[in-house]
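S.K.: If it helps, the file is called upload04.pdb and holds PDB, C-alpha atoms and all ligand atoms:
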```pdb
ATOM      1  CA  MET R 349      85.850 108.842  73.659
ATOM      2  CA  HIS R 350      87.988 110.264  70.875
ATOM      3  CA  ALA R 351      91.661 110.651  71.627
ATOM      4  CA  SER R 352      91.613 114.175  70.211
ATOM      5  CA  GLU R 353      88.912 115.189  72.665
ATOM      6  CA  LYS R 354      91.022 113.886  75.506
ATOM      7  CA  ASP R 355      94.056 115.754  74.193
ATOM      8  CA  ASP R 356      91.936 118.870  74.004
ATOM      9  CA  ASP R 357      90.965 118.553  77.641
ATOM     10  CA  ARG R 358      94.548 117.907  78.663
ATOM     11  CA  ALA R 359      95.688 120.977  76.772
ATOM     12  CA  ASN R 360      93.103 122.985  78.662
ATOM     13  CA  PHE R 361      94.166 121.633  82.021
ATOM     14  CA  HIS R 362      97.739 122.533  81.223
ATOM     15  CA  ARG R 363      96.797 125.964  80.015
ATOM     16  CA  GLU R 364      95.244 126.486  83.427
ATOM     17  CA  ALA R 365      98.420 125.203  85.027
ATOM     18  CA  LYS R 366     100.208 128.221  83.564
ATOM     19  CA  ARG R 367      98.304 130.207  86.186
ATOM     20  CA  ASP R 368     101.161 129.572  88.597
ATOM     21  CA  ASP R 369     103.598 131.698  86.632
ATOM     22  CA  GLU R 370     101.060 134.470  86.357
ATOM     23  CA  LYS R 371     100.358 134.280  90.061
ATOM     24  CA  GLU R 372     104.041 134.555  90.960
ATOM     25  CA  LEU R 373     104.313 137.672  88.819
ATOM     26  CA  TYR R 374     101.933 139.537  91.033
ATOM     27  CA  ARG R 375     104.085 139.993  94.094
ATOM     28  CA  GLY R 376     105.877 143.320  93.991
ATOM     29  CA  ASP R 377     104.809 143.926  90.416
ATOM     30  CA  TRP R 378     105.924 147.385  89.307
ATOM     31  CA  ARG R 379     102.694 147.913  87.403
ATOM     32  CA  PHE R 380     100.778 148.337  90.661
ATOM     33  CA  ASP R 381     102.859 151.360  91.537
ATOM     34  CA  GLN R 382     101.956 153.224  88.400
ATOM     35  CA  THR R 383      99.084 155.619  88.214
ATOM     36  CA  MET R 384      97.278 157.011  85.186
ATOM     37  CA  PRO R 385      99.617 158.913  82.890
ATOM     38  CA  GLY R 386      99.606 162.354  84.432
ATOM     39  CA  ALA R 387      96.748 161.318  86.753
ATOM     40  CA  ALA R 388      95.267 164.517  85.489
ATOM     41  CA  ARG R 389      91.653 164.382  86.470
ATOM     42  CA  GLU R 390      90.746 165.005  90.075
ATOM     43  CA  ALA R 391      88.277 162.157  90.121
ATOM     44  CA  ASP R 392      91.019 159.795  88.993
ATOM     45  CA  SER R 393      93.369 160.849  91.719
ATOM     46  CA  GLU R 394      90.581 160.587  94.301
ATOM     47  CA  SER R 395      89.955 157.007  93.139
ATOM     48  CA  VAL R 396      93.651 156.192  93.189
ATOM     49  CA  ASP R 397      93.919 157.465  96.783
ATOM     50  CA  ARG R 398      90.863 155.478  97.765
ATOM     51  CA  LEU R 399      91.971 152.236  96.094
ATOM     52  CA  ARG R 400      95.673 152.328  96.862
ATOM     53  CA  PRO R 401      95.354 150.976 100.443
ATOM     54  CA  TYR R 402      93.501 147.927  99.074
ATOM     55  CA  VAL R 403      96.216 147.366  96.478
ATOM     56  CA  GLU R 404      98.937 147.753  99.112
ATOM     57  CA  ARG R 405      97.255 145.341 101.473
ATOM     58  CA  ALA R 406      96.731 142.805  98.693
ATOM     59  CA  ARG R 407     100.445 142.894  98.013
ATOM     60  CA  THR R 408     101.174 141.328 101.398
ATOM     61  CA  PHE R 409      98.290 138.846 101.297
ATOM     62  CA  VAL R 410      99.222 135.261 102.126
ATOM     63  CA  GLY R 411      97.186 132.244 103.165
ATOM     64  CA  TRP R 412      93.607 132.154 101.970
ATOM     65  CA  ASN R 413      91.418 133.936 104.456
ATOM     66  CA  LEU R 414      89.204 136.435 102.658
ATOM     67  CA  GLU R 415      86.678 137.078 105.405
ATOM     68  CA  ARG R 416      87.503 140.790 105.594
ATOM     69  CA  VAL R 417      86.516 141.379 101.990
ATOM     70  CA  SER R 418      83.844 138.772 101.487
ATOM     71  CA  PRO R 419      80.499 139.921 100.107
ATOM     72  CA  LYS R 420      77.046 139.577 101.603
ATOM     73  CA  ARG R 421      74.514 137.383  99.900
ATOM     74  CA  ILE R 422      71.455 139.023  98.365
ATOM     75  CA  GLY R 423      68.711 136.501  97.760
ATOM     76  CA  PRO R 424      68.851 132.717  97.876
ATOM     77  CA  GLY R 425      72.141 130.986  98.668
ATOM     78  CA  LEU R 426      73.707 127.766  97.425
ATOM     79  CA  PRO R 427      71.643 124.590  97.754
ATOM     80  CA  TRP R 428      74.637 122.761  99.220
ATOM     81  CA  ASP R 429      77.032 123.350 102.079
ATOM     82  CA  TYR R 430      80.592 122.408 101.112
ATOM     83  CA  LYS R 431      81.935 122.393 104.649
ATOM     84  CA  ARG R 432      79.120 120.306 106.055
ATOM     85  CA  ARG R 433      79.377 117.680 103.307
ATOM     86  CA  ALA R 434      83.189 117.582 103.520
ATOM     87  CA  LYS R 435      82.967 116.979 107.280
ATOM     88  CA  LYS R 436      80.492 114.182 106.732
ATOM     89  CA  LEU R 437      82.798 112.522 104.235
ATOM     90  CA  LEU R 438      85.767 113.000 106.575
ATOM     91  CA  ALA R 439      83.894 111.227 109.347
ATOM     92  CA  ARG R 440      84.163 107.950 107.457
ATOM     93  CA  ALA R 441      87.513 108.475 105.721
ATOM     94  CA  SER R 442      90.801 107.041 106.891
ATOM     95  CA  TYR R 443      93.286 108.775 104.572
ATOM     96  CA  THR R 444      92.421 112.172 103.077
ATOM     97  CA  LEU R 445      94.113 114.564 100.671
ATOM     98  CA  ASP R 446      93.249 118.265 100.410
ATOM     99  CA  VAL R 447      94.410 119.602  97.036
ATOM    100  CA  GLY R 448      95.553 123.251  96.915
ATOM    101  CA  THR R 449      95.032 123.883 100.607
ATOM    102  CA  GLY R 450      96.044 127.573 100.450
ATOM    103  CA  GLY R 451      97.116 128.569 103.952
ATOM    104  CA  GLY R 452      95.459 125.426 105.348
ATOM    105  CA  GLU R 453      92.783 127.492 107.126
ATOM    106  CA  LEU R 454      89.794 125.636 105.709
ATOM    107  CA  PHE R 455      91.332 122.166 105.981
ATOM    108  CA  ALA R 456      92.263 122.814 109.633
ATOM    109  CA  GLU R 457      88.651 123.723 110.325
ATOM    110  CA  LEU R 458      87.337 120.659 108.490
ATOM    111  CA  CYS R 459      89.720 118.312 110.311
ATOM    112  CA  ASP R 460      88.857 119.609 113.760
ATOM    113  CA  ALA R 461      87.297 116.326 114.837
ATOM    114  CA  TYR R 462      88.899 114.104 112.179
ATOM    115  CA  ARG R 463      90.585 110.980 113.439
ATOM    116  CA  GLY R 464      92.124 109.591 110.246
ATOM    117  CA  ARG R 465      95.400 110.404 108.471
ATOM    118  CA  ALA R 466      95.604 113.411 106.181
ATOM    119  CA  VAL R 467      97.930 115.238 103.859
ATOM    120  CA  ALA R 468      97.536 118.561 102.059
ATOM    121  CA  SER R 469      99.185 119.723  98.855
ATOM    122  CA  GLU R 470      99.939 123.351  98.057
ATOM    123  CA  PRO R 471     101.549 124.628  94.843
ATOM    124  CA  TRP R 472     102.407 128.192  95.829
ATOM    125  CA  ALA R 473     105.818 128.473  97.528
ATOM    126  CA  VAL R 474     104.562 131.353  99.669
ATOM    127  CA  ASN R 475     101.645 129.423 101.094
ATOM    128  CA  ALA R 476     103.176 125.972 101.546
ATOM    129  CA  PRO R 477     105.055 126.919 104.772
ATOM    130  CA  ILE R 478     102.014 128.820 106.057
ATOM    131  CA  ALA R 479      99.841 125.750 105.541
ATOM    132  CA  LYS R 480     102.522 123.636 107.190
ATOM    133  CA  ARG R 481     102.289 125.754 110.332
ATOM    134  CA  ALA R 482      98.483 125.860 110.297
ATOM    135  CA  LEU R 483      98.193 122.089 109.971
ATOM    136  CA  SER R 484     101.114 120.876 112.059
ATOM    137  CA  ASP R 485      99.113 120.722 115.319
ATOM    138  CA  LEU R 486      96.711 118.376 113.594
ATOM    139  CA  ARG R 487      99.663 116.298 112.401
ATOM    140  CA  ILE R 488      98.710 116.884 108.808
ATOM    141  CA  GLU R 489     101.665 116.864 106.468
ATOM    142  CA  VAL R 490     101.868 119.539 103.762
ATOM    143  CA  VAL R 491     103.570 118.768 100.483
ATOM    144  CA  ARG R 492     104.472 121.500  98.018
ATOM    145  CA  ALA R 493     103.183 120.139  94.742
ATOM    146  CA  HIS R 494     101.532 121.151  91.526
ATOM    147  CA  SER R 495      97.836 120.355  91.729
ATOM    148  CA  LEU R 496      97.757 118.731  88.291
ATOM    149  CA  ARG R 497     100.676 116.377  89.018
ATOM    150  CA  LEU R 498     100.185 114.937  92.466
ATOM    151  CA  PRO R 499     103.249 113.331  94.060
ATOM    152  CA  PHE R 500     101.314 110.477  95.633
ATOM    153  CA  GLN R 501     101.052 106.773  94.935
ATOM    154  CA  ASP R 502      98.195 105.201  93.026
ATOM    155  CA  ASP R 503      95.174 104.170  95.125
ATOM    156  CA  ALA R 504      96.485 106.051  98.180
ATOM    157  CA  PHE R 505      93.474 107.993  99.502
ATOM    158  CA  ASP R 506      89.899 107.189 100.288
ATOM    159  CA  LEU R 507      88.912 110.870 100.199
ATOM    160  CA  VAL R 508      90.162 113.774  98.089
ATOM    161  CA  LEU R 509      88.894 117.283  98.833
ATOM    162  CA  ASP R 510      89.429 120.308  96.626
ATOM    163  CA  ARG R 511      87.885 123.723  97.110
ATOM    164  CA  HIS R 512      88.555 126.261  94.387
ATOM    165  CA  GLU R 513      91.793 124.706  93.166
ATOM    166  CA  GLU R 514      92.440 123.390  89.671
ATOM    167  CA  MET R 515      92.544 119.636  89.216
ATOM    168  CA  ASP R 516      93.012 116.889  86.667
ATOM    169  CA  PRO R 517      90.325 114.196  86.926
ATOM    170  CA  ASP R 518      92.775 111.506  85.771
ATOM    171  CA  GLU R 519      95.183 112.444  88.554
ATOM    172  CA  ILE R 520      92.425 112.459  91.173
ATOM    173  CA  HIS R 521      91.233 109.067  89.942
ATOM    174  CA  ARG R 522      94.779 107.713  90.053
ATOM    175  CA  VAL R 523      95.434 108.686  93.701
ATOM    176  CA  LEU R 524      92.003 107.521  94.918
ATOM    177  CA  ALA R 525      91.678 103.983  96.248
ATOM    178  CA  PRO R 526      88.839 101.838  94.899
ATOM    179  CA  GLY R 527      85.703 102.908  96.768
ATOM    180  CA  GLY R 528      87.227 106.363  97.381
ATOM    181  CA  THR R 529      85.450 109.685  96.886
ATOM    182  CA  VAL R 530      86.384 113.070  95.507
ATOM    183  CA  TYR R 531      84.394 116.089  96.622
ATOM    184  CA  THR R 532      85.111 119.454  95.077
ATOM    185  CA  GLN R 533      83.644 122.930  94.920
ATOM    186  CA  GLN R 534      84.838 125.150  92.101
ATOM    187  CA  ILE R 535      84.282 128.647  90.750
ATOM    188  CA  GLY R 536      81.722 128.565  87.953
ATOM    189  CA  ARG R 537      81.971 130.187  84.549
ATOM    190  CA  ASN R 538      79.536 133.000  85.347
ATOM    191  CA  GLU R 539      81.582 134.339  88.244
ATOM    192  CA  TRP R 540      81.488 138.165  88.097
ATOM    193  CA  ASN R 541      80.267 138.042  84.511
ATOM    194  CA  GLU R 542      78.947 141.618  84.888
ATOM    195  CA  LEU R 543      82.568 142.766  84.790
ATOM    196  CA  ARG R 544      83.303 141.338  81.347
ATOM    197  CA  PRO R 545      82.011 144.263  79.248
ATOM    198  CA  PHE R 546      84.170 146.634  81.304
ATOM    199  CA  LEU R 547      87.248 144.445  81.706
ATOM    200  CA  PRO R 548      87.430 142.263  78.599
ATOM    201  CA  ARG R 549      90.825 140.807  79.598
ATOM    202  CA  MET R 550      89.005 138.857  82.306
ATOM    203  CA  GLN R 551      89.823 135.192  81.728
ATOM    204  CA  ASP R 552      87.295 132.553  80.775
ATOM    205  CA  PHE R 553      88.415 129.138  81.976
ATOM    206  CA  GLY R 554      85.778 127.430  79.857
ATOM    207  CA  PRO R 555      83.081 124.906  80.734
ATOM    208  CA  LEU R 556      84.955 123.394  83.671
ATOM    209  CA  LEU R 557      81.966 121.629  85.181
ATOM    210  CA  ASP R 558      81.346 119.668  81.964
ATOM    211  CA  ARG R 559      85.023 119.067  81.445
ATOM    212  CA  TYR R 560      85.571 117.733  84.954
ATOM    213  CA  VAL R 561      82.445 115.555  84.899
ATOM    214  CA  ARG R 562      83.457 114.123  81.543
ATOM    215  CA  GLY R 563      86.991 113.598  82.843
ATOM    216  CA  PHE R 564      85.826 111.713  85.923
ATOM    217  CA  ARG R 565      83.462 109.546  83.892
ATOM    218  CA  ARG R 566      86.074 108.819  81.286
ATOM    219  CA  ALA R 567      88.454 107.774  84.073
ATOM    220  CA  GLY R 568      85.793 105.252  85.126
ATOM    221  CA  MET R 569      84.316 107.112  88.087
ATOM    222  CA  ILE R 570      80.684 107.362  89.108
ATOM    223  CA  VAL R 571      79.487 110.938  89.414
ATOM    224  CA  ALA R 572      77.027 111.021  92.311
ATOM    225  CA  ARG R 573      76.365 114.753  92.247
ATOM    226  CA  ALA R 574      77.212 117.584  89.884
ATOM    227  CA  GLU R 575      75.418 120.831  90.342
ATOM    228  CA  THR R 576      75.985 124.460  89.539
ATOM    229  CA  ARG R 577      74.367 127.617  90.869
ATOM    230  CA  ASP R 578      74.739 131.344  90.404
ATOM    231  CA  ILE R 579      73.833 133.577  93.311
ATOM    232  CA  ARG R 580      73.758 137.349  93.795
ATOM    233  CA  VAL R 581      76.164 138.954  96.209
ATOM    234  CA  ALA R 582      77.134 142.519  97.128
ATOM    235  CA  TYR R 583      80.634 143.719  98.032
ATOM    236  CA  ARG R 584      81.041 146.590 100.479
ATOM    237  CA  GLY R 585      82.614 148.654  97.726
ATOM    238  CA  LEU R 586      85.001 148.790  94.796
ATOM    239  CA  GLY R 587      88.030 148.491  97.112
ATOM    240  CA  GLU R 588      87.000 144.990  98.182
ATOM    241  CA  LEU R 589      86.610 143.923  94.558
ATOM    242  CA  VAL R 590      89.988 145.410  93.611
ATOM    243  CA  TYR R 591      91.570 143.586  96.551
ATOM    244  CA  LEU R 592      90.127 140.275  95.375
ATOM    245  CA  LEU R 593      91.249 140.875  91.795
ATOM    246  CA  CYS R 594      94.771 141.628  93.074
ATOM    247  CA  VAL R 595      95.000 138.452  95.157
ATOM    248  CA  SER R 596      93.752 136.299  92.273
ATOM    249  CA  PRO R 597      96.014 137.604  89.507
ATOM    250  CA  TRP R 598      94.937 134.807  87.179
ATOM    251  CA  THR R 599      91.512 136.502  86.831
ATOM    252  CA  ILE R 600      92.638 139.546  84.815
ATOM    253  CA  PRO R 601      96.119 139.260  83.312
ATOM    254  CA  ASP R 602      98.319 142.264  84.070
ATOM    255  CA  PHE R 603      95.602 143.775  86.213
ATOM    256  CA  ASN R 604      96.521 147.385  86.911
ATOM    257  CA  PRO R 605      93.870 148.960  89.138
ATOM    258  CA  LEU R 606      95.723 152.236  89.638
ATOM    259  CA  GLY R 607      96.620 152.613  85.981
ATOM    260  CA  ARG R 608      95.010 151.393  82.793
ATOM    261  CA  ASP R 609      92.181 149.540  84.571
ATOM    262  CA  LEU R 610      91.187 152.478  86.750
ATOM    263  CA  ALA R 611      88.721 154.038  84.301
ATOM    264  CA  PRO R 612      86.843 150.759  83.634
ATOM    265  CA  LEU R 613      86.783 150.064  87.372
ATOM    266  CA  ARG R 614      85.182 153.417  88.029
ATOM    267  CA  ARG R 615      82.556 152.637  85.406
ATOM    268  CA  VAL R 616      81.936 149.298  87.117
ATOM    269  CA  GLU R 617      81.384 151.149  90.377
ATOM    270  CA  GLU R 618      79.069 153.658  88.739
ATOM    271  CA  ARG R 619      76.925 151.041  87.003
ATOM    272  CA  LEU R 620      76.871 148.196  89.510
ATOM    273  CA  THR R 621      76.570 149.943  92.862
ATOM    274  CA  THR R 622      73.219 149.253  94.498
ATOM    275  CA  PRO R 623      71.862 150.130  97.959
ATOM    276  CA  ASP R 624      73.292 146.739  99.062
ATOM    277  CA  GLY R 625      76.781 147.480  97.732
ATOM    278  CA  LEU R 626      78.583 146.494  94.541
ATOM    279  CA  ALA R 627      76.322 143.740  93.216
ATOM    280  CA  LEU R 628      77.751 140.823  91.234
ATOM    281  CA  THR R 629      77.090 137.211  90.349
ATOM    282  CA  GLU R 630      78.903 134.551  92.320
ATOM    283  CA  SER R 631      79.061 131.250  90.470
ATOM    284  CA  ARG R 632      79.884 127.893  92.041
ATOM    285  CA  PHE R 633      79.647 124.212  91.220
ATOM    286  CA  ILE R 634      80.220 121.012  93.135
ATOM    287  CA  ILE R 635      81.071 117.514  92.039
ATOM    288  CA  GLU R 636      81.060 114.395  94.149
ATOM    289  CA  ALA R 637      82.358 111.279  92.412
ATOM    290  CA  ARG R 638      83.360 107.782  93.458
ATOM    291  CA  LYS R 639      85.956 105.391  92.136
ATOM    292  CA  PRO R 640      84.284 101.973  91.914
TER     293      PRO R 640
HETATM  294  C1  LIG I   1      91.661 129.837  95.653
HETATM  295  S1  LIG I   1      92.908 129.192  96.668
HETATM  296  C2  LIG I   1      91.966 128.014  97.607
HETATM  297  C3  LIG I   1      92.600 127.579  98.887
HETATM  298  C4  LIG I   1      91.783 126.578  99.718
HETATM  299  N1  LIG I   1      91.516 125.362  99.011
HETATM  300  C5  LIG I   1      90.497 127.194 100.188
HETATM  301  O1  LIG I   1      89.434 126.897  99.646
HETATM  302  O2  LIG I   1      90.533 128.024 101.111
HETATM  303  C6  LIG I   1      93.640 128.207  95.432
HETATM  304  C7  LIG I   1      95.141 128.176  95.359
HETATM  305  O3  LIG I   1      95.693 129.382  94.872
HETATM  306  C8  LIG I   1      96.899 129.621  95.592
HETATM  307  N2  LIG I   1      97.223 131.046  95.496
HETATM  308  C9  LIG I   1      96.577 132.060  96.041
HETATM  309  N3  LIG I   1      97.149 133.226  95.728
HETATM  310  C10 LIG I   1      98.204 132.936  94.963
HETATM  311  C11 LIG I   1      99.198 133.716  94.314
HETATM  312  N4  LIG I   1      99.210 135.051  94.385
HETATM  313  N5  LIG I   1     100.132 133.075  93.578
HETATM  314  C12 LIG I   1     100.123 131.747  93.504
HETATM  315  N6  LIG I   1      99.189 130.951  94.078
HETATM  316  C13 LIG I   1      98.256 131.545  94.804
HETATM  317  C14 LIG I   1      96.550 129.186  96.969
HETATM  318  O4  LIG I   1      97.668 129.045  97.757
HETATM  319  C15 LIG I   1      95.807 127.903  96.680
HETATM  320  O5  LIG I   1      96.629 126.802  96.515
END
```
Please re-express this file's structure in structure tokens.
Ligand SMILES: C[S@@+](CC[C@H](N)C(=O)[O-])C[C@H]1O[C@@H](n2cnc3c(N)ncnc32)[C@H](O)[C@@H]1O

M.R.:
Amino acid sequence: MHASEKDDDRANFHREAKRDDEKELYRGDWRFDQTMPGAAREADSESVDRLRPYVERARTFVGWNLERVSPKRIGPGLPWDYKRRAKKLLARASYTLDVGTGGGELFAELCDAYRGRAVASEPWAVNAPIAKRALSDLRIEVVRAHSLRLPFQDDAFDLVLDRHEEMDPDEIHRVLAPGGTVYTQQIGRNEWNELRPFLPRMQDFGPLLDRYVRGFRRAGMIVARAETRDIRVAYRGLGELVYLLCVSPWTIPDFNPLGRDLAPLRRVEERLTTPDGLALTESRFIIEARKP
């Protein structure tokens, strides 16, 4: 492998790491209070009134429970079940790390019947104490840490889990013990790609599946499974989508649903609303890899 290629990948991982700063910007951001200049047209002000409660609620969002706004699936689902596989792997693990645990909701559910030791890392200062509370009954320690620079010893874990949180394959390899496994589900590149023509500031995090697989292999790991799938889903309405875009501020930089992004959002609603709801692509991939 060429050194320059590796440097390239590292640069990309670190570019993603900048997400944190962008995320922190979101809370209490003045831009979300601004409406269209003059908010002249009636339709605009109707949309602002309709969307504002979603924006307000997103402002106080903590943890990572999105059940209230999650879409329904239209058509075939994913050919894997992240939770089921993670539980299976947990059943034979003795020391597990969950990277970017959010509010710890998912990891608590996964560890319900887990008997081994576990630790969770969480980069966002707001969520780290929430995860701590959610996981304390299970005696799972939560460490506030950047997901690309894990504060753990080499060869520490026999299982690393990561759902929807950025990672550095070299770091995962480093903290895994020989024989250990990493299992991750990530957001794929085609996520919500129907929005791109309307909202061109939407970020493209690049070919992450390829990059991660290459990274694991280059670190010396054996990739047992790597699979990606796009499915069709429908959101109840534009409000749910706006809510999700607000709570993931890394998706559209400076997202301003009640101001400059209002007109494109209304076009999205007009063009993409179906009898099922607001229909979009949901893109996911999984990787399971082992350190020999
Ligand atoms: C997509 S969440 C996934 C959480 C968890 N692994 C799960 O699957 O439920 C990824 C990370 O983004 C963090 N995060 C969410 N909203 C954030 C915000 N506004 N600013 C900073 N970090 C945020 C979460 O705390 C979490 O660590």

S.K.: Take the PyMOL selection byres (((not hetatm)) within 6 of (chain I and resi 1)), run it mentally on this structure, and tell me the resulting residues as a PyMOL selection string.

M.R.: chain R and resi 368+371-372+412+448-450+454+470-472+475+510-513+595-596

S.K.: Please measure the separation of CA of Gly452 (chain R) and CA of Ala482 (chain R), giving the value in Å to one decimal.

M.R.: 5.8 Å

S.K.: Could the residues of region 462-537 of chain R that have an atom at most 6 Å from region 622-638 of chain R be listed as a Markdown table, each with its closest atom pair and the distance in Å to one decimal, counting all atoms listed in the file and ordered by chain and ascending residue number?

M.R.:
```
| residue | atom | partner | partner_atom | distance |
| --- | --- | --- | --- | --- |
| R:Gly528 | CA | R:Arg638 | CA | 5.7 |
| R:Thr529 | CA | R:Arg638 | CA | 4.4 |
| R:Val530 | CA | R:Ala637 | CA | 5.4 |
| R:Tyr531 | CA | R:Glu636 | CA | 4.5 |
| R:Thr532 | CA | R:Ile635 | CA | 5.4 |
| R:Gln533 | CA | R:Ile634 | CA | 4.3 |
| R:Gln534 | CA | R:Phe633 | CA | 5.3 |
| R:Ile535 | CA | R:Arg632 | CA | 4.6 |
| R:Gly536 | CA | R:Arg632 | CA | 4.5 |
```

S.K.: Compare R:Val447, R:Phe409, R:Asp460, R:Pro640 by their minimum atom-to-atom distance to Val474 (chain R), counting all atoms listed in the file, and give me the closest one.

M.R.: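 Ranked by minimum distance to Val474 (chain R), first place goes to R:Phe409.
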
S.K.: With distances taken over all atoms listed in the file, which of R:Gly451, R:Pro526, R:Pro605, R:Pro427 is nearest to Ala406 (chain R)?

M.R.: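 When distances to Ala406 (chain R) are compared using all atoms listed in the file, the smallest one comes from R:Pro605.
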
S.K.: Would you kindly return, as a ChimeraX atom specification, each protein, DNA or RNA residue with an atom no farther than 9 Å from any atom of Gly587 (chain R), considering only C-alpha atoms and excluding same-chain residues fewer than 2 positions away?

M.R.: /R:398-403,417,583-585,589-592

S.K.: Take the selection from the previous step and output its residues with C-alpha atoms, as a PDB file, in the coordinates of the input.

M.R.:
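File selection14.pdb, as written:
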```
ATOM      1  CA  ARG R 398      90.863 155.478  97.765  1.00  0.00           C
ATOM      2  CA  LEU R 399      91.971 152.236  96.094  1.00  0.00           C
ATOM      3  CA  ARG R 400      95.673 152.328  96.862  1.00  0.00           C
ATOM      4  CA  PRO R 401      95.354 150.976 100.443  1.00  0.00           C
ATOM      5  CA  TYR R 402      93.501 147.927  99.074  1.00  0.00           C
ATOM      6  CA  VAL R 403      96.216 147.366  96.478  1.00  0.00           C
ATOM      7  CA  VAL R 417      86.516 141.379 101.990  1.00  0.00           C
ATOM      8  CA  TYR R 583      80.634 143.719  98.032  1.00  0.00           C
ATOM      9  CA  ARG R 584      81.041 146.590 100.479  1.00  0.00           C
ATOM     10  CA  GLY R 585      82.614 148.654  97.726  1.00  0.00           C
ATOM     11  CA  LEU R 589      86.610 143.923  94.558  1.00  0.00           C
ATOM     12  CA  VAL R 590      89.988 145.410  93.611  1.00  0.00           C
ATOM     13  CA  TYR R 591      91.570 143.586  96.551  1.00  0.00           C
ATOM     14  CA  LEU R 592      90.127 140.275  95.375  1.00  0.00           C
TER      15      LEU R 592
END
```

S.K.: For Asp397 (chain R), which residue among R:Thr444, R:Leu610, R:Arg565, R:Leu620 is the nearest when counting only C-alpha atoms?

M.R.: R:Leu610

S.K.: Mind telling me what the PyMOL selection byres (((chain R and resi 525) around 10) and not hetatm) catches here, as a list of chain:residue names?

M.R.: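 This file, filtered by the PyMOL selection byres (((chain R and resi 525) around 10) and not hetatm), leaves R:Tyr443, R:Gln501, R:Asp502, R:Asp503, R:Ala504, R:Phe505, R:Asp506, R:Leu507, R:Ile520, R:His521, R:Arg522, R:Val523, R:Leu524, R:Pro526, R:Gly527, R:Gly528, R:Thr529, R:Arg638, R:Lys639, R:Pro640.
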
S.K.: Between CA of Glu404 (chain R) and CA of Ile478 (chain R), measure the distance and give it in Å to one decimal.

M.R.: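 Interatomic distance, CA of Glu404 (chain R) to CA of Ile478 (chain R): 20.4 Å.
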
S.K.: Can you spell out as an MDAnalysis selection string the set of residues that the PyMOL selection byres (((chain R and resi 442) around 6) and not hetatm) selects in the structure I just provided?

M.R.: chainID R and resid 441 443 464:465

S.K.: Can you report as JSON the centre and edge lengths in Å, to one decimal, of an axis-aligned box around the listed atoms of region 462-476 of chain R padded with 8 Å on each side?

M.R.:
```
{"center_x": 97.4, "center_y": 120.5, "center_z": 104.1, "size_x": 32.9, "size_y": 37.8, "size_z": 34.6}
```

S.K.: Go ahead and compute the interatomic distance for CA of Ala456 (chain R) and CA of Pro499 (chain R), in Å to one decimal.

M.R.: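 For CA of Ala456 (chain R) relative to CA of Pro499 (chain R), the distance reads 21.3 Å.
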
S.K.: Pick from R:Arg573, R:Leu498, R:Ile579, R:Val410: nearest to Val561 (chain R), with only C-alpha atoms counted?

M.R.: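 Smallest distance to Val561 (chain R) is found for R:Arg573.
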
S.K.: Which of these residues is nearest to Met550 (chain R), using all atoms listed in the file: R:Ala572, R:Asp516, R:Phe564, R:Ile600?

M.R.: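 Counting all atoms listed in the file, the residue closest to Met550 (chain R) is R:Ile600.
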
S.K.: Just checking: using all atoms listed in the file, which residue out of R:Arg416, R:Leu483, R:Asp578, R:Val491 ends up closest to Asn541 (chain R)?

M.R.: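 For Asn541 (chain R), the nearest of the candidates is R:Asp578.
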